[in-house]
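K.L.:
Structure below; questions to follow.
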Amino acid sequence: MSTVELTKDNFDQIVSENEFVLIDFWASWCGPCRQFGPVFEAASQRHEDLVFAKVDTEAQQELAAAFEIRSIPTLMIVRDKVAVFAQPGALPEAALEDVIGQARGLDMDEVRKSIAEAQAQAQQGQ
């Protein structure tokens, strides 16, 4: 599957309608982004059941700001509308495959339970 260009107009729809989305925050002037691009694209061909998306941080500054992207490239993985991974830096192919495998292996019921517990603790501490 080829990568999808994410914008503030289609972001919510793409993330809501797909249970597993990998997002590459990038810019054309960024050397490491250009290095990571082909790795990301190749992974999209190997994992056709997943949605691979790109956010041009220059064109979509509001989206980059909303996710507090400070360094590019940044890879984010969203599963079931929950960001389960976010890390800046150009990952080599093996590392990207490892991250995808770990994200696939997550028990999302456990992730949601942990988030709910953390939110409850935060509210008790206020």
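Residues in the structure tokens are named by chain (A, B, ... in the order shown) and by number from 1 within that chain; ligands are numbered from 1 in the order shown.
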Just the residues within 8 Å of Pro88 of chain A, please, counting only C-alpha atoms, with nothing from its chain fewer than 5 positions along; format it as an mmCIF file with all heavy atoms, in the first residue's frame.

P.N.:
```cif
data_model
loop_
_atom_site.group_PDB
_atom_site.id
_atom_site.type_symbol
_atom_site.label_atom_id
_atom_site.label_comp_id
_atom_site.auth_asym_id
_atom_site.auth_seq_id
_atom_site.Cartn_x
_atom_site.Cartn_y
_atom_site.Cartn_z
ATOM 1 N N SER A 71 11.359 17.463 16.726
ATOM 2 C CA SER A 71 12.487 16.968 15.951
ATOM 3 C C SER A 71 11.931 16.065 14.850
ATOM 4 O O SER A 71 10.975 15.322 15.083
ATOM 5 C CB SER A 71 13.404 16.175 16.885
ATOM 6 O OG SER A 71 14.495 15.646 16.185
ATOM 7 N N ILE A 72 12.516 16.162 13.671
ATOM 8 C CA ILE A 72 12.067 15.313 12.568
ATOM 9 C C ILE A 72 13.260 14.572 11.984
ATOM 10 O O ILE A 72 14.388 15.061 12.082
ATOM 11 C CB ILE A 72 11.312 16.109 11.478
ATOM 12 C CG1 ILE A 72 12.141 17.286 10.995
ATOM 13 C CG2 ILE A 72 9.959 16.531 11.967
ATOM 14 C CD1 ILE A 72 11.528 18.030 9.829
ATOM 15 N N PRO A 73 13.041 13.405 11.414
ATOM 16 C CA PRO A 73 11.746 12.743 11.340
ATOM 17 C C PRO A 73 11.316 12.227 12.713
ATOM 18 O O PRO A 73 12.141 11.882 13.545
ATOM 19 C CB PRO A 73 11.996 11.580 10.382
ATOM 20 C CG PRO A 73 13.452 11.248 10.572
ATOM 21 C CD PRO A 73 14.116 12.574 10.839
ATOM 22 N N THR A 74 10.011 12.165 12.926
ATOM 23 C CA THR A 74 9.441 11.513 14.099
ATOM 24 C C THR A 74 8.461 10.470 13.602
ATOM 25 O O THR A 74 7.624 10.766 12.755
ATOM 26 C CB THR A 74 8.712 12.514 15.021
ATOM 27 O OG1 THR A 74 9.681 13.357 15.669
ATOM 28 C CG2 THR A 74 7.905 11.800 16.100
ATOM 29 N N LEU A 75 8.605 9.264 14.114
ATOM 30 C CA LEU A 75 7.681 8.180 13.788
ATOM 31 C C LEU A 75 6.692 8.044 14.931
ATOM 32 O O LEU A 75 7.086 8.002 16.097
ATOM 33 C CB LEU A 75 8.437 6.858 13.600
ATOM 34 C CG LEU A 75 7.552 5.634 13.362
ATOM 35 C CD1 LEU A 75 6.831 5.725 12.015
ATOM 36 C CD2 LEU A 75 8.375 4.360 13.442
#
```

K.L.:
Just want the 9 Å neighbourhood of segment 106-118 of chain A, counted on only C-alpha atoms, with same-chain residues fewer than 2 positions away dropped. Output as a ChimeraX atom specification.

P.N.:
/A:79-80,82,84,101-104,120-123

K.L.:
Please identify the alpha helix (DSSP H) residues within segment 20-94 of chain A (assignment by DSSP from backbone atoms) and present them as a PyMOL selection string.

P.N.:
chain A and resi 31-46+61-66+93-94

K.L.:
Keeping only N, CA and C atoms, write the selected residues to a file as an mmCIF file, in the first residue's frame.

P.N.:
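Dumped everything to result-v4.cif:
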```cif
data_model
loop_
_atom_site.group_PDB
_atom_site.id
_atom_site.type_symbol
_atom_site.label_atom_id
_atom_site.label_comp_id
_atom_site.auth_asym_id
_atom_site.auth_seq_id
_atom_site.Cartn_x
_atom_site.Cartn_y
_atom_site.Cartn_z
ATOM 1 N N GLY A 31 17.550 16.255 5.917
ATOM 2 C CA GLY A 31 18.372 15.150 5.408
ATOM 3 C C GLY A 31 17.990 13.799 5.985
ATOM 4 N N PRO A 32 17.906 13.665 7.323
ATOM 5 C CA PRO A 32 17.507 12.378 7.888
ATOM 6 C C PRO A 32 16.110 11.939 7.435
ATOM 7 N N CYS A 33 15.216 12.916 7.174
ATOM 8 C CA CYS A 33 13.870 12.577 6.682
ATOM 9 C C CYS A 33 13.967 11.932 5.297
ATOM 10 N N ARG A 34 14.829 12.512 4.443
ATOM 11 C CA ARG A 34 15.002 11.958 3.096
ATOM 12 C C ARG A 34 15.636 10.570 3.166
ATOM 13 N N GLN A 35 16.472 10.348 4.180
ATOM 14 C CA GLN A 35 17.101 9.050 4.385
ATOM 15 C C GLN A 35 16.066 8.019 4.848
ATOM 16 N N PHE A 36 15.155 8.429 5.738
ATOM 17 C CA PHE A 36 14.156 7.524 6.308
ATOM 18 C C PHE A 36 13.014 7.235 5.332
ATOM 19 N N GLY A 37 12.729 8.160 4.429
ATOM 20 C CA GLY A 37 11.606 8.018 3.495
ATOM 21 C C GLY A 37 11.560 6.689 2.768
ATOM 22 N N PRO A 38 12.659 6.271 2.113
ATOM 23 C CA PRO A 38 12.629 4.985 1.398
ATOM 24 C C PRO A 38 12.443 3.775 2.331
ATOM 25 N N VAL A 39 12.965 3.848 3.553
ATOM 26 C CA VAL A 39 12.799 2.771 4.534
ATOM 27 C C VAL A 39 11.318 2.658 4.903
ATOM 28 N N PHE A 40 10.691 3.812 5.142
ATOM 29 C CA PHE A 40 9.270 3.869 5.490
ATOM 30 C C PHE A 40 8.424 3.341 4.335
ATOM 31 N N GLU A 41 8.747 3.770 3.121
ATOM 32 C CA GLU A 41 8.006 3.348 1.924
ATOM 33 C C GLU A 41 8.139 1.839 1.707
ATOM 34 N N ALA A 42 9.344 1.300 1.888
ATOM 35 C CA ALA A 42 9.558 -0.142 1.711
ATOM 36 C C ALA A 42 8.748 -0.933 2.739
ATOM 37 N N ALA A 43 8.700 -0.434 3.970
ATOM 38 C CA ALA A 43 7.913 -1.111 5.015
ATOM 39 C C ALA A 43 6.434 -1.101 4.654
ATOM 40 N N SER A 44 5.980 -0.025 4.013
ATOM 41 C CA SER A 44 4.564 0.052 3.624
ATOM 42 C C SER A 44 4.228 -1.021 2.591
ATOM 43 N N GLN A 45 5.212 -1.392 1.781
ATOM 44 C CA GLN A 45 4.992 -2.449 0.791
ATOM 45 C C GLN A 45 4.946 -3.829 1.455
ATOM 46 N N ARG A 46 5.717 -3.998 2.534
ATOM 47 C CA ARG A 46 5.756 -5.288 3.238
ATOM 48 C C ARG A 46 4.542 -5.485 4.154
ATOM 49 N N GLN A 61 1.758 22.671 9.745
ATOM 50 C CA GLN A 61 2.368 23.133 10.992
ATOM 51 C C GLN A 61 1.433 22.971 12.190
ATOM 52 N N GLU A 62 0.118 23.153 11.977
ATOM 53 C CA GLU A 62 -0.835 22.986 13.083
ATOM 54 C C GLU A 62 -0.839 21.545 13.593
ATOM 55 N N LEU A 63 -0.770 20.598 12.675
ATOM 56 C CA LEU A 63 -0.759 19.185 13.045
ATOM 57 C C LEU A 63 0.528 18.851 13.802
ATOM 58 N N ALA A 64 1.649 19.327 13.298
ATOM 59 C CA ALA A 64 2.930 19.094 13.972
ATOM 60 C C ALA A 64 2.919 19.708 15.373
ATOM 61 N N ALA A 65 2.347 20.894 15.499
ATOM 62 C CA ALA A 65 2.269 21.558 16.803
ATOM 63 C C ALA A 65 1.348 20.798 17.748
ATOM 64 N N ALA A 66 0.241 20.288 17.231
ATOM 65 C CA ALA A 66 -0.718 19.550 18.060
ATOM 66 C C ALA A 66 -0.074 18.318 18.692
ATOM 67 N N GLU A 93 16.024 -0.021 8.820
ATOM 68 C CA GLU A 93 14.965 -0.970 8.465
ATOM 69 C C GLU A 93 14.692 -1.988 9.565
ATOM 70 N N ALA A 94 15.736 -2.588 10.134
ATOM 71 C CA ALA A 94 15.547 -3.617 11.157
ATOM 72 C C ALA A 94 14.849 -3.044 12.391
#
```

K.L.:
In Å, with one decimal, what is the gap from atom CA of Glu5 of chain A to atom CA of Val55 of chain A?

P.N.:
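Between atom CA of Glu5 of chain A and atom CA of Val55 of chain A the gap is 6.2 Å.
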
K.L.:
Measuring atom to atom with only C-alpha atoms, identify which of A:Ala53, A:Leu22, A:Ala27, A:Ala83 is nearest to Leu96 of chain A.

P.N.:
A:Leu22
